[in-house]
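data30.cif (mmCIF, C-alpha atoms and all ligand atoms)
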data_coords
loop_
_atom_site.label_atom_id
_atom_site.label_comp_id
_atom_site.auth_asym_id
_atom_site.auth_seq_id
_atom_site.Cartn_x
_atom_site.Cartn_y
_atom_site.Cartn_z
CA MET A 20 4.02 -27.17 -23.65
CA ALA A 21 1.63 -27.30 -20.70
CA ASP A 22 1.05 -24.00 -18.90
CA ILE A 23 2.32 -24.45 -15.34
CA TRP A 24 0.00 -21.77 -13.97
CA GLN A 25 -3.19 -22.89 -15.76
CA ASP A 26 -4.49 -24.73 -12.71
CA ALA A 27 -3.97 -21.64 -10.54
CA MET A 28 -5.66 -19.41 -13.11
CA ASP A 29 -8.66 -21.76 -13.39
CA HIS A 30 -8.91 -21.65 -9.60
CA ALA A 31 -8.77 -17.84 -9.61
CA VAL A 32 -11.65 -17.65 -12.10
CA ALA A 33 -13.75 -20.13 -10.11
CA ILE A 34 -13.13 -18.42 -6.77
CA ALA A 35 -13.77 -14.94 -8.26
CA ARG A 36 -17.15 -16.21 -9.47
CA ARG A 37 -17.96 -17.63 -6.01
CA ALA A 38 -16.86 -14.37 -4.40
CA GLY A 39 -19.11 -12.49 -6.84
CA ASP A 40 -22.10 -14.56 -5.65
CA VAL A 41 -21.35 -13.52 -2.06
CA VAL A 42 -21.07 -9.84 -3.09
CA ARG A 43 -24.37 -9.93 -5.01
CA GLU A 44 -26.18 -11.64 -2.10
CA ALA A 45 -24.75 -9.08 0.35
CA LEU A 46 -26.27 -6.27 -1.72
CA LEU A 47 -29.70 -7.51 -0.61
CA ASP A 48 -28.76 -7.09 3.08
CA ASP A 49 -28.00 -4.07 5.22
CA ARG A 50 -24.38 -3.12 4.62
CA MET A 51 -22.60 -2.16 7.82
CA VAL A 52 -19.96 0.39 6.87
CA MET A 53 -16.70 0.97 8.71
CA THR A 54 -13.87 3.38 7.83
CA LYS A 55 -10.11 2.92 7.42
CA THR A 56 -7.62 5.74 6.65
CA SER A 57 -10.27 8.48 6.37
CA SER A 58 -14.01 9.00 6.74
CA VAL A 59 -14.43 8.23 3.02
CA ASP A 60 -12.13 5.18 2.90
CA LEU A 61 -14.79 2.52 3.46
CA VAL A 62 -14.77 -1.17 4.33
CA THR A 63 -17.63 -3.58 5.02
CA GLN A 64 -17.93 -7.01 6.59
CA THR A 65 -18.42 -8.32 3.04
CA ASP A 66 -14.92 -7.10 2.00
CA GLN A 67 -13.48 -9.01 4.98
CA LYS A 68 -15.64 -12.11 4.44
CA VAL A 69 -14.83 -12.32 0.71
CA GLU A 70 -11.10 -11.85 1.33
CA LYS A 71 -11.15 -14.70 3.89
CA LEU A 72 -13.04 -16.92 1.46
CA ILE A 73 -10.54 -16.32 -1.36
CA MET A 74 -7.48 -16.61 0.87
CA GLN A 75 -8.64 -19.83 2.53
CA SER A 76 -9.36 -21.49 -0.79
CA VAL A 77 -5.89 -20.50 -2.11
CA LYS A 78 -4.20 -21.76 1.08
CA ASP A 79 -6.04 -25.08 0.82
CA LYS A 80 -5.13 -25.63 -2.83
CA PHE A 81 -1.72 -23.95 -3.08
CA PRO A 82 -0.27 -24.07 0.45
CA THR A 83 3.20 -22.82 -0.57
CA HIS A 84 1.94 -19.71 -2.36
CA ARG A 85 2.07 -16.30 -0.70
CA LEU A 86 -0.84 -13.88 -0.36
CA ILE A 87 -1.31 -10.13 -0.31
CA GLY A 88 -4.86 -8.98 0.44
CA GLU A 89 -6.28 -5.49 0.92
CA GLU A 90 -8.03 -6.22 4.19
CA SER A 91 -5.15 -8.29 5.63
CA VAL A 92 -2.77 -5.40 4.97
CA ALA A 93 -5.30 -3.01 6.56
CA ALA A 94 -5.23 -5.33 9.60
CA GLY A 95 -1.44 -4.98 9.85
CA GLU A 96 0.02 -7.72 7.60
CA ALA A 97 3.08 -6.84 5.51
CA CYS A 98 2.69 -5.99 1.85
CA ASP A 99 5.88 -7.58 0.49
CA LEU A 100 6.06 -8.71 -3.08
CA SER A 101 8.87 -11.29 -3.34
CA ASP A 102 9.86 -13.56 -6.25
CA ALA A 103 7.65 -16.33 -4.81
CA PRO A 104 4.30 -17.13 -6.45
CA THR A 105 2.00 -14.51 -4.87
CA TRP A 106 -1.75 -13.94 -5.09
CA ILE A 107 -2.66 -10.24 -4.91
CA ILE A 108 -6.29 -9.89 -3.88
CA ASP A 109 -8.82 -7.09 -3.71
CA PRO A 110 -12.03 -8.75 -2.48
CA ILE A 111 -14.17 -5.74 -3.47
CA ASP A 112 -12.63 -3.09 -5.68
CA GLY A 113 -15.18 -0.31 -5.59
CA THR A 114 -16.25 -0.63 -1.95
CA THR A 115 -17.91 2.80 -2.01
CA ASN A 116 -19.90 1.68 -5.06
CA PHE A 117 -20.85 -1.52 -3.21
CA VAL A 118 -22.05 0.50 -0.20
CA HIS A 119 -24.28 2.60 -2.49
CA ALA A 120 -25.22 -0.23 -4.88
CA PHE A 121 -23.59 1.77 -7.70
CA PRO A 122 -23.15 -1.03 -10.20
CA PHE A 123 -19.37 -1.20 -10.73
CA VAL A 124 -17.95 -3.60 -8.16
CA ALA A 125 -15.14 -6.02 -8.91
CA VAL A 126 -13.33 -8.96 -7.36
CA SER A 127 -9.70 -8.62 -8.42
CA ILE A 128 -7.10 -11.41 -8.29
CA GLY A 129 -3.60 -10.96 -9.69
CA PHE A 130 -0.90 -13.64 -9.57
CA SER A 131 2.78 -12.75 -9.67
CA VAL A 132 5.96 -14.84 -9.98
CA ASN A 133 9.41 -13.21 -9.93
CA LYS A 134 7.51 -9.91 -9.49
CA GLN A 135 5.89 -10.34 -12.91
CA ILE A 136 2.12 -10.71 -13.23
CA GLU A 137 1.42 -14.13 -14.79
CA PHE A 138 -2.37 -13.89 -14.86
CA GLY A 139 -5.07 -11.43 -13.87
CA VAL A 140 -8.76 -12.00 -13.16
CA VAL A 141 -11.21 -9.12 -12.62
CA TYR A 142 -14.84 -10.13 -12.12
CA SER A 143 -17.21 -7.17 -12.46
CA CYS A 144 -19.84 -9.01 -10.50
CA LEU A 145 -22.91 -6.80 -10.98
CA GLU A 146 -22.34 -6.66 -14.74
CA ASP A 147 -21.42 -10.38 -14.76
CA LYS A 148 -18.29 -9.65 -16.79
CA MET A 149 -15.30 -11.93 -16.24
CA PHE A 150 -12.11 -10.23 -17.47
CA THR A 151 -9.06 -12.50 -17.72
CA ALA A 152 -5.53 -12.30 -19.05
CA ARG A 153 -2.64 -14.77 -19.12
CA ARG A 154 0.81 -13.35 -19.85
CA GLY A 155 1.57 -13.72 -23.55
CA LYS A 156 -1.85 -15.17 -24.35
CA GLY A 157 -4.15 -12.17 -24.66
CA ALA A 158 -6.98 -10.63 -22.65
CA PHE A 159 -10.63 -11.63 -22.69
CA CYS A 160 -14.05 -10.64 -21.36
CA ASN A 161 -16.46 -13.55 -20.97
CA GLY A 162 -14.24 -15.39 -23.47
CA ASN A 163 -14.24 -12.62 -26.11
CA VAL A 164 -10.88 -11.11 -27.13
CA LEU A 165 -10.18 -7.61 -25.80
CA GLN A 166 -8.39 -4.93 -27.79
CA VAL A 167 -7.64 -1.35 -26.76
CA SER A 168 -8.95 1.59 -28.80
CA ASP A 169 -6.89 2.61 -31.85
CA GLN A 170 -7.59 6.32 -31.29
CA GLU A 171 -4.28 8.21 -31.35
CA ASP A 172 -5.59 11.74 -30.83
CA ILE A 173 -6.12 12.57 -27.17
CA ARG A 174 -8.57 15.29 -28.26
CA GLN A 175 -10.86 12.53 -29.52
CA SER A 176 -10.53 10.51 -26.29
CA ILE A 177 -12.30 9.73 -23.04
CA ILE A 178 -10.03 9.62 -19.99
CA ALA A 179 -10.93 7.80 -16.76
CA THR A 180 -9.67 8.74 -13.32
CA GLU A 181 -10.81 8.78 -9.67
CA PHE A 182 -11.00 11.31 -6.85
CA GLY A 183 -9.32 8.99 -4.30
CA SER A 184 -10.06 8.72 -0.61
CA SER A 185 -8.44 11.84 0.83
CA ARG A 186 -10.44 15.04 1.33
CA GLU A 187 -7.40 17.02 2.56
CA PRO A 188 -7.43 20.35 0.67
CA GLU A 189 -3.92 19.86 -0.76
CA ALA A 190 -4.74 16.38 -2.07
CA VAL A 191 -8.02 17.62 -3.58
CA ASN A 192 -6.19 20.59 -5.19
CA ASN A 193 -3.67 18.25 -6.80
CA ILE A 194 -6.42 16.05 -8.19
CA PHE A 195 -8.38 19.00 -9.59
CA SER A 196 -5.29 20.66 -11.04
CA SER A 197 -4.50 17.52 -13.08
CA LEU A 198 -8.14 17.04 -14.00
CA ARG A 199 -8.48 20.64 -15.19
CA SER A 200 -5.36 20.40 -17.37
CA ILE A 201 -6.52 17.15 -18.94
CA LEU A 202 -10.10 18.34 -19.50
CA CYS A 203 -8.79 21.52 -21.14
CA ILE A 204 -6.50 19.74 -23.64
CA PRO A 205 -9.48 19.39 -24.51
CA VAL A 206 -10.62 15.74 -24.37
CA HIS A 207 -14.07 14.42 -25.28
CA GLY A 208 -14.79 13.59 -21.64
CA VAL A 209 -13.64 12.37 -18.26
CA ARG A 210 -15.24 9.42 -16.44
CA THR A 211 -14.95 7.79 -13.03
CA ALA A 212 -16.28 4.27 -12.58
CA GLY A 213 -15.36 4.11 -8.88
CA SER A 214 -13.14 1.06 -9.29
CA ALA A 215 -9.55 1.16 -10.52
CA ALA A 216 -9.81 -2.41 -11.80
CA ILE A 217 -12.95 -1.65 -13.82
CA ASN A 218 -11.48 1.61 -15.17
CA MET A 219 -8.53 -0.39 -16.45
CA CYS A 220 -10.79 -3.06 -17.94
CA LEU A 221 -12.58 -0.21 -19.76
CA VAL A 222 -9.20 0.77 -21.25
CA ALA A 223 -8.61 -2.87 -22.25
CA SER A 224 -12.10 -3.00 -23.81
CA GLY A 225 -11.48 0.13 -25.92
CA CYS A 226 -14.29 2.14 -24.23
CA VAL A 227 -11.93 4.75 -22.78
CA GLU A 228 -8.47 5.62 -24.10
CA ALA A 229 -6.71 5.96 -20.75
CA TYR A 230 -6.98 5.86 -16.98
CA TYR A 231 -4.67 7.48 -14.45
CA GLU A 232 -4.66 7.71 -10.67
CA ILE A 233 -2.32 8.48 -7.79
CA GLY A 234 -3.22 6.76 -4.51
CA ILE A 235 -4.31 3.34 -5.74
CA HIS A 236 -2.81 0.21 -4.18
CA VAL A 237 -1.19 -2.87 -5.69
CA TRP A 238 -4.34 -4.97 -5.11
CA ASP A 239 -6.45 -2.44 -7.08
CA VAL A 240 -4.29 -2.71 -10.22
CA ALA A 241 -2.23 -5.93 -10.22
CA ALA A 242 -4.72 -8.10 -12.12
CA ALA A 243 -5.96 -5.33 -14.42
CA SER A 244 -2.42 -4.24 -15.35
CA LEU A 245 -1.96 -7.50 -17.26
CA ILE A 246 -5.45 -7.24 -18.78
CA VAL A 247 -4.49 -3.81 -20.19
CA SER A 248 -1.10 -4.88 -21.55
CA GLU A 249 -2.45 -8.14 -23.03
CA ALA A 250 -5.17 -6.09 -24.78
CA GLY A 251 -2.39 -4.08 -26.47
CA GLY A 252 -2.25 -1.17 -24.01
CA VAL A 253 0.65 0.41 -22.15
CA LEU A 254 1.35 1.09 -18.48
CA MET A 255 3.44 3.98 -17.26
CA ASP A 256 4.32 5.88 -14.12
CA VAL A 257 2.68 9.32 -13.83
CA ASP A 258 6.13 10.89 -14.38
CA GLY A 259 6.58 8.91 -17.61
CA GLY A 260 8.95 6.19 -16.34
CA SER A 261 8.26 2.48 -15.97
CA VAL A 262 5.25 1.54 -13.90
CA ASP A 263 5.96 0.22 -10.40
CA LEU A 264 2.91 -1.57 -8.96
CA MET A 265 4.00 -0.77 -5.38
CA SER A 266 4.34 2.99 -6.03
CA ARG A 267 0.58 3.75 -5.89
CA ARG A 268 0.77 5.68 -9.19
CA ILE A 269 -0.38 4.51 -12.60
CA VAL A 270 -1.25 5.55 -16.13
CA ALA A 271 -2.87 2.82 -18.27
CA ALA A 272 -3.55 3.77 -21.87
CA ASN A 273 -4.26 2.44 -25.32
CA SER A 274 -0.95 3.82 -26.65
CA ARG A 275 2.37 5.26 -25.55
CA ALA A 276 1.52 8.60 -27.21
CA ILE A 277 -1.68 9.09 -25.17
CA ALA A 278 -0.04 7.85 -21.95
CA GLU A 279 2.84 10.31 -22.41
CA ARG A 280 0.47 13.19 -23.21
CA ILE A 281 -1.36 12.51 -19.94
CA THR A 282 1.86 12.46 -17.93
CA GLU A 283 2.60 15.99 -19.23
CA GLU A 284 -0.58 17.25 -17.52
CA ILE A 285 -0.53 15.38 -14.21
CA ARG A 286 0.57 17.21 -11.08
CA SER A 287 2.45 14.28 -9.59
CA PHE A 288 3.07 13.44 -5.96
CA SER A 289 4.23 10.31 -4.15
CA PRO A 290 2.03 8.72 -1.49
CA PRO A 291 3.75 6.28 0.91
CA ARG A 292 4.58 3.13 -1.08
CA ASP A 293 2.63 -0.08 -0.44
CA ASP A 294 5.88 -1.83 0.57
CA ALA A 295 7.05 0.98 2.88
CA PRO A 296 7.86 -0.23 6.41
CA PRO A 297 4.93 0.40 8.79
CA GLN A 298 4.98 3.74 10.66
CA HIS A 299 5.08 3.39 14.47
C1 LIG A 301 -10.60 1.97 -4.53
C2 LIG A 301 -10.26 2.12 -6.00
C3 LIG A 301 -10.69 3.49 -6.46
C4 LIG A 301 -9.76 4.47 -5.79
C5 LIG A 301 -9.81 4.34 -4.28
C6 LIG A 301 -9.66 2.91 -3.81
P1 LIG A 301 -11.32 -0.12 -2.95
O1 LIG A 301 -10.41 0.64 -4.10
O2 LIG A 301 -10.62 1.19 -6.85
O3 LIG A 301 -10.54 3.64 -7.84
O4 LIG A 301 -10.05 5.77 -6.17
O5 LIG A 301 -8.77 5.12 -3.74
O6 LIG A 301 -8.34 2.44 -3.89
O7 LIG A 301 -10.96 0.55 -1.67
O8 LIG A 301 -12.74 0.06 -3.30
O9 LIG A 301 -10.82 -1.51 -3.00
#
How does the structure come out when it is put into structure tokens?
Amino acid sequence: MADIWQDAMDHAVAIARRAGDVVREALLDDRMVMTKTSSVDLVTQTDQKVEKLIMQSVKDKFPTHRLIGEESVAAGEACDLSDAPTWIIDPIDGTTNFVHAFPFVAVSIGFSVNKQIEFGVVYSCLEDKMFTARRGKGAFCNGNVLQVSDQEDIRQSIIATEFGSSREPEAVNNIFSSLRSILCIPVHGVRTAGSAAINMCLVASGCVEAYYEIGIHVWDVAAASLIVSEAGGVLMDVDGGSVDLMSRRIVAANSRAIAERITEEIRSFSPPRDDAPPQH
């Protein structure tokens, strides 16, 4: 039977590649940096330009589809995930990396129908790695099948996480408390790539056993969540329940056992949800 979303997925791959060209070219120019929720929550004109490029091309080709984009939400648009076909876009995941030319920068495009991710495309544009997954059909990097690590012992594992974009002492304490507990399990190591989407693609590729973070947004993880699960991994909330992509909390791991072990060590908290009504 023909895949009804194949055309949309092909378009997502093509537009992610075009967006990647724009990101790579922009690295040669001066990058004017602006801030959003804090002095370390960065945005550039390239984030905004790439989001417009992706959104316009989707509107032209699929005029009935809905869109959620990081920079549009930052500009005041609602972040509502309905049952309608919806493109969930992060034009540059790893903006701080982009600003510093640290080489992990991704264009992330997830596509959801009935609140279920149907396909995910993450283009790590400086590495030229195109990660793709279609629900029920596996995950790939540049056409090669992805499979999570088969390591079952967390003591033999590498765990990825991030420090987030708050420097409030309480937030930093929470992050370091979880990090300390996990490091002291002990694990082989902890890594931060600077991009949630790339961290999750590292889980899908079997390079790290797990990734966790509190504070991410739906556009950071929508596409990569399917890449992880189609590579044989599991997704979980940081308290051990089912993952909720709007909750801003995620554990992505190679196995349920490692995901659950991580949830035992995380000091959890709940940032305002992505779909919370705007504060006035
Ligand atoms: C970033 C993430 C990063 C996380 C930041 C932020 P951006 O996305 O990928 O892992 O720690 O809080 O969400 O802003 O570069 O798209």
Item to check | Nearby residues, ligand LIG 301 (chain A), 7 Å, only C-alpha atoms and all ligand atoms, as a VMD selection string | outcome: chain A and resid 60 to 61 109 111 to 115 181 to 184 213 to 216 234 to 236 239
Item to check | Spatial neighbours of Ser197 of chain A, max dist 7 Å, only C-alpha atoms, sep filter under 6 positions, as a ChimeraX atom specification | outcome: /A:284-286
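Going from atom CA of Asn273 of chain A over to atom CA of Arg153 of chain A, you cover 18.4 Å.
With distances restricted to only C-alpha atoms, A:Ser143 is the closest residue to Asn218 of chain A from A:Ser176, A:Gln170, A:Ser185, A:Ser143.
For the choices A:Lys156, A:Ala242, A:Val227, A:Val52, the atom-to-atom distance to Ser131 of chain A is smallest for A:Ala242 when using all atoms listed in the file.
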Checklist entry - Which neighbours of Gln64 of chain A fall inside 10 Å, counting all atoms listed in the file, when residues of the same chain fewer than 6 positions from it are skipped, and could you give them as JSON, numbers by chain? => result {"A": [45, 50, 51, 52, 53, 70]}
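Remark: for Phe138 of chain A, the closest of the candidate residues A:Ser168, A:Ser224, A:Thr105, A:Ser57 is A:Thr105 (distances computed over only C-alpha atoms).
Distance-wise, atom CA of Ala212 of chain A and atom CA of Ile178 of chain A end up 11.1 Å apart.
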Item to check | Interatomic distance, atom CA of Glu96 of chain A to atom CA of Pro297 of chain A (Å, one decimal) | outcome: 9.6 Å
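For the choices A:Ala152, A:Ala272, A:Ala27, A:Ile136, the atom-to-atom distance to Pro82 of chain A is smallest for A:Ala27 when using only C-alpha atoms.
Among the candidates A:Phe159, A:Tyr230, A:Phe288, A:Trp238, the one nearest to Ser274 of chain A when counting all atoms listed in the file is A:Tyr230.
Proximity ranking of A:Val59, A:Cys160, A:Thr282, A:Thr54 relative to Leu198 of chain A places A:Thr282 first, based on all atoms listed in the file.
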Checklist entry - Skipping near chain neighbours, those fewer than 2 positions away, what residues fall within 12 Å of Gly155 of chain A using all atoms listed in the file, listed as a ChimeraX atom specification? => result /A:22,135-139,152-153,157-158,245-246,248-251
Just write the chosen residues, C-alpha atoms, as a short mmCIF file (atom, residue, chain, number, x, y, z; two decimals), in the frame of the given file.
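File again.cif, as written:
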data_model
loop_
_atom_site.label_atom_id
_atom_site.label_comp_id
_atom_site.auth_asym_id
_atom_site.auth_seq_id
_atom_site.Cartn_x
_atom_site.Cartn_y
_atom_site.Cartn_z
CA ASP A 22 1.05 -24.00 -18.90
CA GLN A 135 5.89 -10.34 -12.91
CA ILE A 136 2.12 -10.71 -13.23
CA GLU A 137 1.42 -14.13 -14.79
CA PHE A 138 -2.37 -13.89 -14.86
CA GLY A 139 -5.07 -11.43 -13.87
CA ALA A 152 -5.53 -12.30 -19.05
CA ARG A 153 -2.64 -14.77 -19.12
CA GLY A 157 -4.15 -12.17 -24.66
CA ALA A 158 -6.98 -10.63 -22.65
CA LEU A 245 -1.96 -7.50 -17.26
CA ILE A 246 -5.45 -7.24 -18.78
CA SER A 248 -1.10 -4.88 -21.55
CA GLU A 249 -2.45 -8.14 -23.03
CA ALA A 250 -5.17 -6.09 -24.78
CA GLY A 251 -2.39 -4.08 -26.47
#
At a cut-off of 8 Å from (0.3, 1.4, -11.1) in the coordinates of the file, what residues are picked up using all atoms listed in the file, written as a PDB file with C-alpha atoms, in the frame of the given file?
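Below is the file that was written, selection_17.pdb:
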ATOM      1  CA  ILE A 235      -4.310   3.340  -5.740  1.00  0.00           C
ATOM      2  CA  HIS A 236      -2.810   0.210  -4.180  1.00  0.00           C
ATOM      3  CA  VAL A 237      -1.190  -2.870  -5.690  1.00  0.00           C
ATOM      4  CA  VAL A 240      -4.290  -2.710 -10.220  1.00  0.00           C
ATOM      5  CA  ALA A 241      -2.230  -5.930 -10.220  1.00  0.00           C
ATOM      6  CA  SER A 244      -2.420  -4.240 -15.350  1.00  0.00           C
ATOM      7  CA  LEU A 254       1.350   1.090 -18.480  1.00  0.00           C
ATOM      8  CA  MET A 255       3.440   3.980 -17.260  1.00  0.00           C
ATOM      9  CA  ASP A 256       4.320   5.880 -14.120  1.00  0.00           C
ATOM     10  CA  VAL A 262       5.250   1.540 -13.900  1.00  0.00           C
ATOM     11  CA  ASP A 263       5.960   0.220 -10.400  1.00  0.00           C
ATOM     12  CA  LEU A 264       2.910  -1.570  -8.960  1.00  0.00           C
ATOM     13  CA  MET A 265       4.000  -0.770  -5.380  1.00  0.00           C
ATOM     14  CA  SER A 266       4.340   2.990  -6.030  1.00  0.00           C
ATOM     15  CA  ARG A 267       0.580   3.750  -5.890  1.00  0.00           C
ATOM     16  CA  ARG A 268       0.770   5.680  -9.190  1.00  0.00           C
ATOM     17  CA  ILE A 269      -0.380   4.510 -12.600  1.00  0.00           C
ATOM     18  CA  VAL A 270      -1.250   5.550 -16.130  1.00  0.00           C
ATOM     19  CA  ALA A 271      -2.870   2.820 -18.270  1.00  0.00           C
TER      20      ALA A 271
END
Let me have the centre and edge lengths of the axis-aligned box enclosing all listed atoms of segment 156-170 of chain A with 6 Å padding on every side, in Å to one decimal, as lines of an AutoDock Vina configuration file.
center_x = -9.2
center_y = -4.5
center_z = -26.4
size_x = 26.6
size_y = 33.7
size_z = 22.9
